[in-house]
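Engineer: Before I ask anything, let me first share the structure, which is written out below as structure tokens.
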Amino acid sequence: MWPRRGELHYLLHGAFHRLAYVETGSPAAPPLLCVHGLTRTGRDFDGLAEALADEFRVIAPDLPGRGGSDWLPDAALYHPATYVQALSYLLALIEKPVAWLGTGLGGVCGMVVAASPGQRLTRLVLNDVGPLIPAAGQARIRDSFRQQSVFFDMKALERRLRALHAGFGPLTDAQWAHLARYSARRMPDGRVTFHYDPAIARPILEHETTDQDLWAFWARVRIPSLVLRGEASDMLEPDTLARMQASGAQALMVPGAGHAPALMDAPTIAAIRAFLHGD
């Protein structure tokens, strides 16, 4: 089942920019918005979307500067407030209450939206992210931007992808190849690089990492929430997860994964489906 492509234009700092997305499932089905992590694209959710398309309309955007979405003219614009603004246009386009699933950065955006007055989210799934983002995990991601990002062929890019995202968990060769295909952008000289604007790294490289405290947002989230944690995660600490559970969130540990589970295995997909049903 191939996803349908779509796009919209959102207004940011006096100019319109294009936001690309794909969707799978019946347009009449309950919508599930899936928002990817820092350097990824909406195609990370293809496997999940195909599995859930019998019951849900799964919509997966490319955040600004990633995949098919426009690059932004100023690196300083690459921050969560921009992403939430762009995604608000997509929420308006959907015109229905929607469930939100976010990995990493996509989960941060989900918390911000869920905490906002007048929001119309029904359920929130946070994939390996919570209201306290440890400095050590952020430093690992920051350091990854300093490593090789241009490759002579797709095989070399896939090898780097496997090392960079070992935290996705145990994937098949076909799943890695799929991720590599949609992680790549062909350069004019024939080489390949990752499918995002290199400028997204600039705000991260220019600042020292510190723990990011988002508990004020989490305190205003009033919808049912499911928190997934890779058992070896360095981005969602056990104490943070326990505190989220104490405030009412459901939790699921994903064995064999770190940051962040790829959401391609049958048990995790089944748990997400059950949560979306309200089980």
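Naming works like this for the structure tokens: A, B, ... for the chains as they're shown, residue 1 at the start of each chain, ligands 1 onward in shown order.
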Could I get the residues of segment 148-239 of chain A with an atom no further than 9 Å from an atom of segment 255-259 of chain A, each paired with its nearest atom pair and that distance in Å to one decimal, using only C-alpha atoms, sorted by chain and residue number, as JSON lines?

Structural biologist:
{"residue": "A:His165", "atom": "CA", "partner": "A:His259", "partner_atom": "CA", "distance": 7.7}
{"residue": "A:Ala166", "atom": "CA", "partner": "A:Gly258", "partner_atom": "CA", "distance": 7.5}
{"residue": "A:Gly167", "atom": "CA", "partner": "A:Gly258", "partner_atom": "CA", "distance": 3.9}
{"residue": "A:Phe168", "atom": "CA", "partner": "A:Ala257", "partner_atom": "CA", "distance": 5.6}
{"residue": "A:Gly169", "atom": "CA", "partner": "A:Ala257", "partner_atom": "CA", "distance": 4.1}
{"residue": "A:Pro170", "atom": "CA", "partner": "A:Gly256", "partner_atom": "CA", "distance": 6.7}
{"residue": "A:Arg229", "atom": "CA", "partner": "A:Gly258", "partner_atom": "CA", "distance": 7.7}
{"residue": "A:Gly230", "atom": "CA", "partner": "A:Gly258", "partner_atom": "CA", "distance": 4.4}
{"residue": "A:Glu231", "atom": "CA", "partner": "A:Pro255", "partner_atom": "CA", "distance": 5.5}
{"residue": "A:Ala232", "atom": "CA", "partner": "A:Gly258", "partner_atom": "CA", "distance": 4.3}
{"residue": "A:Ser233", "atom": "CA", "partner": "A:Gly258", "partner_atom": "CA", "distance": 4.1}
{"residue": "A:Asp234", "atom": "CA", "partner": "A:His259", "partner_atom": "CA", "distance": 6.7}
{"residue": "A:Met235", "atom": "CA", "partner": "A:His259", "partner_atom": "CA", "distance": 6.5}
{"residue": "A:Leu236", "atom": "CA", "partner": "A:His259", "partner_atom": "CA", "distance": 8.3}

Engineer: Env of Gln245 of chain A: 12 Å cut, atoms = only C-alpha atoms, seq-sep filter 3 positions within chain, self excluded. Answer as an MDAnalysis selection string.

Structural biologist: chainID A and resid 130 218 224:228 238:242 248:252

Engineer: Limited to N, CA and C atoms, could you put the picked residues into a file as a PDB file, in the first residue's frame?

Structural biologist:
ATOM      1  N   GLY A 130      10.328  12.622  26.788  1.00  0.00           N
ATOM      2  CA  GLY A 130       9.498  13.042  27.894  1.00  0.00           C
ATOM      3  C   GLY A 130       9.767  14.490  28.248  1.00  0.00           C
ATOM      4  N   TRP A 218       4.075  19.413  30.282  1.00  0.00           N
ATOM      5  CA  TRP A 218       3.477  18.121  30.642  1.00  0.00           C
ATOM      6  C   TRP A 218       2.367  18.297  31.678  1.00  0.00           C
ATOM      7  N   PRO A 224      -5.358  11.234  27.387  1.00  0.00           N
ATOM      8  CA  PRO A 224      -4.679   9.962  27.625  1.00  0.00           C
ATOM      9  C   PRO A 224      -3.353   9.904  26.863  1.00  0.00           C
ATOM     10  N   SER A 225      -2.316   9.409  27.540  1.00  0.00           N
ATOM     11  CA  SER A 225      -0.976   9.393  26.951  1.00  0.00           C
ATOM     12  C   SER A 225      -0.339   8.024  27.130  1.00  0.00           C
ATOM     13  N   LEU A 226       0.386   7.616  26.105  1.00  0.00           N
ATOM     14  CA  LEU A 226       1.194   6.394  26.129  1.00  0.00           C
ATOM     15  C   LEU A 226       2.632   6.796  25.855  1.00  0.00           C
ATOM     16  N   VAL A 227       3.549   6.364  26.718  1.00  0.00           N
ATOM     17  CA  VAL A 227       4.960   6.701  26.569  1.00  0.00           C
ATOM     18  C   VAL A 227       5.733   5.426  26.274  1.00  0.00           C
ATOM     19  N   LEU A 228       6.425   5.399  25.147  1.00  0.00           N
ATOM     20  CA  LEU A 228       7.282   4.282  24.772  1.00  0.00           C
ATOM     21  C   LEU A 228       8.719   4.631  25.127  1.00  0.00           C
ATOM     22  N   PRO A 238      14.721   6.520  33.180  1.00  0.00           N
ATOM     23  CA  PRO A 238      13.703   5.774  33.936  1.00  0.00           C
ATOM     24  C   PRO A 238      12.961   6.630  34.965  1.00  0.00           C
ATOM     25  N   ASP A 239      13.662   7.535  35.642  1.00  0.00           N
ATOM     26  CA  ASP A 239      12.996   8.378  36.634  1.00  0.00           C
ATOM     27  C   ASP A 239      11.965   9.294  35.991  1.00  0.00           C
ATOM     28  N   THR A 240      12.281   9.791  34.798  1.00  0.00           N
ATOM     29  CA  THR A 240      11.318  10.639  34.080  1.00  0.00           C
ATOM     30  C   THR A 240      10.086   9.838  33.701  1.00  0.00           C
ATOM     31  N   LEU A 241      10.305   8.624  33.195  1.00  0.00           N
ATOM     32  CA  LEU A 241       9.182   7.776  32.817  1.00  0.00           C
ATOM     33  C   LEU A 241       8.318   7.450  34.034  1.00  0.00           C
ATOM     34  N   ALA A 242       8.953   7.148  35.156  1.00  0.00           N
ATOM     35  CA  ALA A 242       8.194   6.831  36.367  1.00  0.00           C
ATOM     36  C   ALA A 242       7.344   8.018  36.803  1.00  0.00           C
ATOM     37  N   GLY A 248      -0.303   9.622  35.482  1.00  0.00           N
ATOM     38  CA  GLY A 248      -1.402   9.006  34.754  1.00  0.00           C
ATOM     39  C   GLY A 248      -1.080   8.418  33.398  1.00  0.00           C
ATOM     40  N   ALA A 249       0.132   8.581  32.894  1.00  0.00           N
ATOM     41  CA  ALA A 249       0.482   8.056  31.569  1.00  0.00           C
ATOM     42  C   ALA A 249       0.662   6.541  31.613  1.00  0.00           C
ATOM     43  N   GLN A 250       0.297   5.890  30.533  1.00  0.00           N
ATOM     44  CA  GLN A 250       0.656   4.489  30.334  1.00  0.00           C
ATOM     45  C   GLN A 250       2.091   4.425  29.815  1.00  0.00           C
ATOM     46  N   ALA A 251       2.744   3.286  30.015  1.00  0.00           N
ATOM     47  CA  ALA A 251       4.133   3.149  29.578  1.00  0.00           C
ATOM     48  C   ALA A 251       4.362   1.784  28.966  1.00  0.00           C
ATOM     49  N   LEU A 252       5.289   1.742  28.024  1.00  0.00           N
ATOM     50  CA  LEU A 252       5.689   0.488  27.386  1.00  0.00           C
ATOM     51  C   LEU A 252       7.186   0.515  27.146  1.00  0.00           C
TER      52      LEU A 252
END

Engineer: Please, which residues in segment 161-183 of chain A fall within 12 Å of segment 65-81 of chain A when counting only C-alpha atoms, and what is the closest atom pair and distance in Å to one decimal for each, ordered by chain then residue number, as CSV?

Structural biologist:
residue,atom,partner,partner_atom,distance
A:Arg181,CA,A:Gly67,CA,11.2
A:Tyr182,CA,A:Gly67,CA,7.8
A:Ser183,CA,A:Gly67,CA,7.7

Engineer: According to DSSP computed on the backbone, where in segment 149-189 of chain A is there strand (DSSP E or B)? Give the residues as JSON, numbers by chain.

Structural biologist: {"A": [150, 151, 184, 185, 186]}

Engineer: Residues near segment 266-275 of chain A, anyone? I mean within 8 Å using only C-alpha atoms, not counting same-chain ones fewer than 5 positions away, as a ChimeraX atom specification.

Structural biologist: /A:48,51-52,125,226,254

Engineer: If we count only C-alpha atoms, what is near segment 24-27 of chain A at a cut-off of 9 Å, once residues fewer than 5 positions away on the same chain are taken out, given as a list in words?

Structural biologist: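 Within the cut-off, the hits are Met1, Trp2, Pro3, Arg4, Asp46, Ala49, Glu50, Leu52, Ala53, Asp54, Glu55, Phe56, Arg57, Val58, Ile59 and Ala60 of chain A.
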
Engineer: How about saving the chosen residues, N, CA and C atoms kept, as a PDB file, in the first residue's frame?

Structural biologist:
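Wrote it out as again_14.pdb, contents follow:
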ATOM      1  N   MET A   1       0.849  -1.188   0.000  1.00  0.00           N
ATOM      2  CA  MET A   1       0.000   0.000   0.000  1.00  0.00           C
ATOM      3  C   MET A   1       0.892   1.248   0.000  1.00  0.00           C
ATOM      4  N   TRP A   2       0.797   2.017  -1.068  1.00  0.00           N
ATOM      5  CA  TRP A   2       1.630   3.214  -1.178  1.00  0.00           C
ATOM      6  C   TRP A   2       0.905   4.416  -0.603  1.00  0.00           C
ATOM      7  N   PRO A   3       1.585   5.246   0.166  1.00  0.00           N
ATOM      8  CA  PRO A   3       0.920   6.421   0.734  1.00  0.00           C
ATOM      9  C   PRO A   3       0.611   7.462  -0.327  1.00  0.00           C
ATOM     10  N   ARG A   4      -0.414   8.259  -0.054  1.00  0.00           N
ATOM     11  CA  ARG A   4      -0.768   9.382  -0.912  1.00  0.00           C
ATOM     12  C   ARG A   4       0.048  10.606  -0.482  1.00  0.00           C
ATOM     13  N   ASP A  46       6.150   4.530   7.481  1.00  0.00           N
ATOM     14  CA  ASP A  46       5.464   3.765   6.435  1.00  0.00           C
ATOM     15  C   ASP A  46       4.977   2.410   6.947  1.00  0.00           C
ATOM     16  N   ALA A  49       2.129   2.889   9.376  1.00  0.00           N
ATOM     17  CA  ALA A  49       0.944   3.349   8.646  1.00  0.00           C
ATOM     18  C   ALA A  49       0.270   2.206   7.910  1.00  0.00           C
ATOM     19  N   GLU A  50       1.055   1.364   7.259  1.00  0.00           N
ATOM     20  CA  GLU A  50       0.475   0.241   6.532  1.00  0.00           C
ATOM     21  C   GLU A  50      -0.238  -0.711   7.485  1.00  0.00           C
ATOM     22  N   LEU A  52      -1.663   0.051  10.343  1.00  0.00           N
ATOM     23  CA  LEU A  52      -2.834   0.656  10.975  1.00  0.00           C
ATOM     24  C   LEU A  52      -3.868   1.183   9.983  1.00  0.00           C
ATOM     25  N   ALA A  53      -3.557   1.115   8.693  1.00  0.00           N
ATOM     26  CA  ALA A  53      -4.415   1.740   7.678  1.00  0.00           C
ATOM     27  C   ALA A  53      -5.777   1.092   7.562  1.00  0.00           C
ATOM     28  N   ASP A  54      -5.954  -0.100   8.118  1.00  0.00           N
ATOM     29  CA  ASP A  54      -7.268  -0.730   8.072  1.00  0.00           C
ATOM     30  C   ASP A  54      -8.272  -0.012   8.982  1.00  0.00           C
ATOM     31  N   GLU A  55      -7.748   0.766   9.964  1.00  0.00           N
ATOM     32  CA  GLU A  55      -8.639   1.436  10.914  1.00  0.00           C
ATOM     33  C   GLU A  55      -8.399   2.932  11.056  1.00  0.00           C
ATOM     34  N   PHE A  56      -7.254   3.407  10.594  1.00  0.00           N
ATOM     35  CA  PHE A  56      -6.900   4.797  10.834  1.00  0.00           C
ATOM     36  C   PHE A  56      -6.408   5.473   9.551  1.00  0.00           C
ATOM     37  N   ARG A  57      -6.606   6.768   9.499  1.00  0.00           N
ATOM     38  CA  ARG A  57      -5.995   7.613   8.466  1.00  0.00           C
ATOM     39  C   ARG A  57      -4.692   8.142   9.058  1.00  0.00           C
ATOM     40  N   VAL A  58      -3.583   7.588   8.615  1.00  0.00           N
ATOM     41  CA  VAL A  58      -2.281   7.919   9.185  1.00  0.00           C
ATOM     42  C   VAL A  58      -1.626   8.999   8.322  1.00  0.00           C
ATOM     43  N   ILE A  59      -1.308  10.128   8.936  1.00  0.00           N
ATOM     44  CA  ILE A  59      -0.759  11.284   8.227  1.00  0.00           C
ATOM     45  C   ILE A  59       0.629  11.558   8.788  1.00  0.00           C
ATOM     46  N   ALA A  60       1.626  11.597   7.923  1.00  0.00           N
ATOM     47  CA  ALA A  60       3.013  11.745   8.370  1.00  0.00           C
ATOM     48  C   ALA A  60       3.687  12.880   7.602  1.00  0.00           C
TER      49      ALA A  60
END

Engineer: Do you know which residues are at most 9 Å from segment 94-103 of chain A counting only C-alpha atoms, after dropping those on the same chain fewer than 6 positions away, and could you put them as a list of chain:residue names?

Structural biologist: A:Pro30, A:Pro31, A:Leu32, A:Leu33, A:Cys34, A:Val35, A:His36, A:Gly37, A:Leu38, A:Cys109, A:Gly110, A:Met111, A:Ala114, A:Gln119, A:Arg120, A:Leu121, A:Thr122, A:Arg123, A:Leu124, A:Val125, A:Leu126, A:Asn127, A:Asp128, A:Val129, A:Ala260, A:Pro261, A:Ala262, A:Leu276

Engineer: Determine, counting only C-alpha atoms, which protein, DNA and RNA residues have an atom within 9 Å of an atom of segment 11-15 of chain A; residues of the same chain fewer than 5 positions away are not included. Present the result as a PyMOL selection string.

Structural biologist: chain A and resi 82+85-86+89

Engineer: Would you give me, as a ChimeraX atom specification, the residues in segment 63-228 of chain A that DSSP reads as helix (DSSP H, G or I)?

Structural biologist: /A:75-77,80-94,105-114,135-144,154-164,166-168,173-183,198-205,215-218

Engineer: Would you mind reading off the distance between atom CA of Pro117 of chain A and atom CA of Gln212 of chain A, one decimal, in Å?

Structural biologist: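 Interatomic distance, atom CA of Pro117 of chain A to atom CA of Gln212 of chain A: 22.4 Å.
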
Engineer: Given the choices A:Ala20, A:Leu91, A:Val112, A:Val192, which gets closest to Ala216 of chain A if the distance is worked out from only C-alpha atoms?

Structural biologist: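 Using only C-alpha atoms, Ala216 of chain A sits closest to A:Val112.
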
Engineer: For Ser116 of chain A, which residue among A:Ala92, A:Glu23, A:Glu237, A:Val84 is the nearest when counting only C-alpha atoms?

Structural biologist: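 So, comparing all the options, the nearest one is A:Val84.
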
Engineer: Quick one: residues within 10 Å of Leu171 of chain A, only C-alpha atoms counted, chain neighbours fewer than 5 positions away excluded, as a list in words?

Structural biologist: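 Once the nearby chain positions are removed, what remains is Arg162, Ala166, Trp176, Ala177, Ala262, Met264 and Asp265 of chain A.
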
Engineer: Could those selected residues go to a file with N, CA and C atoms, as a PDB file, in the first residue's frame?

Structural biologist:
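Wrote it out as again30.pdb, contents follow:
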ATOM      1  N   ARG A 162      22.787   2.758   9.716  1.00  0.00           N
ATOM      2  CA  ARG A 162      22.676   1.653  10.677  1.00  0.00           C
ATOM      3  C   ARG A 162      23.456   1.954  11.954  1.00  0.00           C
ATOM      4  N   ALA A 166      21.373   2.880  15.490  1.00  0.00           N
ATOM      5  CA  ALA A 166      21.311   1.533  16.060  1.00  0.00           C
ATOM      6  C   ALA A 166      20.201   1.439  17.103  1.00  0.00           C
ATOM      7  N   TRP A 176      15.927  -1.621   6.812  1.00  0.00           N
ATOM      8  CA  TRP A 176      17.028  -0.660   6.737  1.00  0.00           C
ATOM      9  C   TRP A 176      17.121  -0.049   5.348  1.00  0.00           C
ATOM     10  N   ALA A 177      16.942  -0.872   4.320  1.00  0.00           N
ATOM     11  CA  ALA A 177      17.014  -0.359   2.952  1.00  0.00           C
ATOM     12  C   ALA A 177      15.911   0.662   2.695  1.00  0.00           C
ATOM     13  N   ALA A 262      11.955   2.021  16.376  1.00  0.00           N
ATOM     14  CA  ALA A 262      11.518   2.293  14.995  1.00  0.00           C
ATOM     15  C   ALA A 262      10.025   2.102  14.787  1.00  0.00           C
ATOM     16  N   MET A 264       8.413  -0.618  14.189  1.00  0.00           N
ATOM     17  CA  MET A 264       8.187  -1.534  13.075  1.00  0.00           C
ATOM     18  C   MET A 264       7.890  -2.961  13.528  1.00  0.00           C
ATOM     19  N   ASP A 265       7.988  -3.233  14.819  1.00  0.00           N
ATOM     20  CA  ASP A 265       7.782  -4.601  15.307  1.00  0.00           C
ATOM     21  C   ASP A 265       6.324  -4.801  15.701  1.00  0.00           C
TER      22      ASP A 265
END

Engineer: In Å, how far is it from atom CA of Arg191 of chain A to atom CA of Ala156 of chain A?

Structural biologist: 10.3 Å

Engineer: Give the answer as one residue: which of A:His195, A:Arg43, A:His277, A:Arg142 has the shortest atom-to-atom distance to His178 of chain A, using only C-alpha atoms?

Structural biologist: A:Arg43

Engineer: Go ahead and compute the interatomic distance for atom CA of His9 of chain A and atom CA of Gly118 of chain A, in Å to one decimal.

Structural biologist: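 These two atoms are separated by 22.3 Å.
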
Engineer: Rank nothing, just name the residue among A:Glu158, A:Tyr10, A:Thr41, A:His207 nearest to Val22 of chain A, using only C-alpha atoms.

Structural biologist: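 Between A:Glu158, A:Tyr10, A:Thr41, A:His207, the residue approaching Val22 of chain A most closely is A:Thr41.
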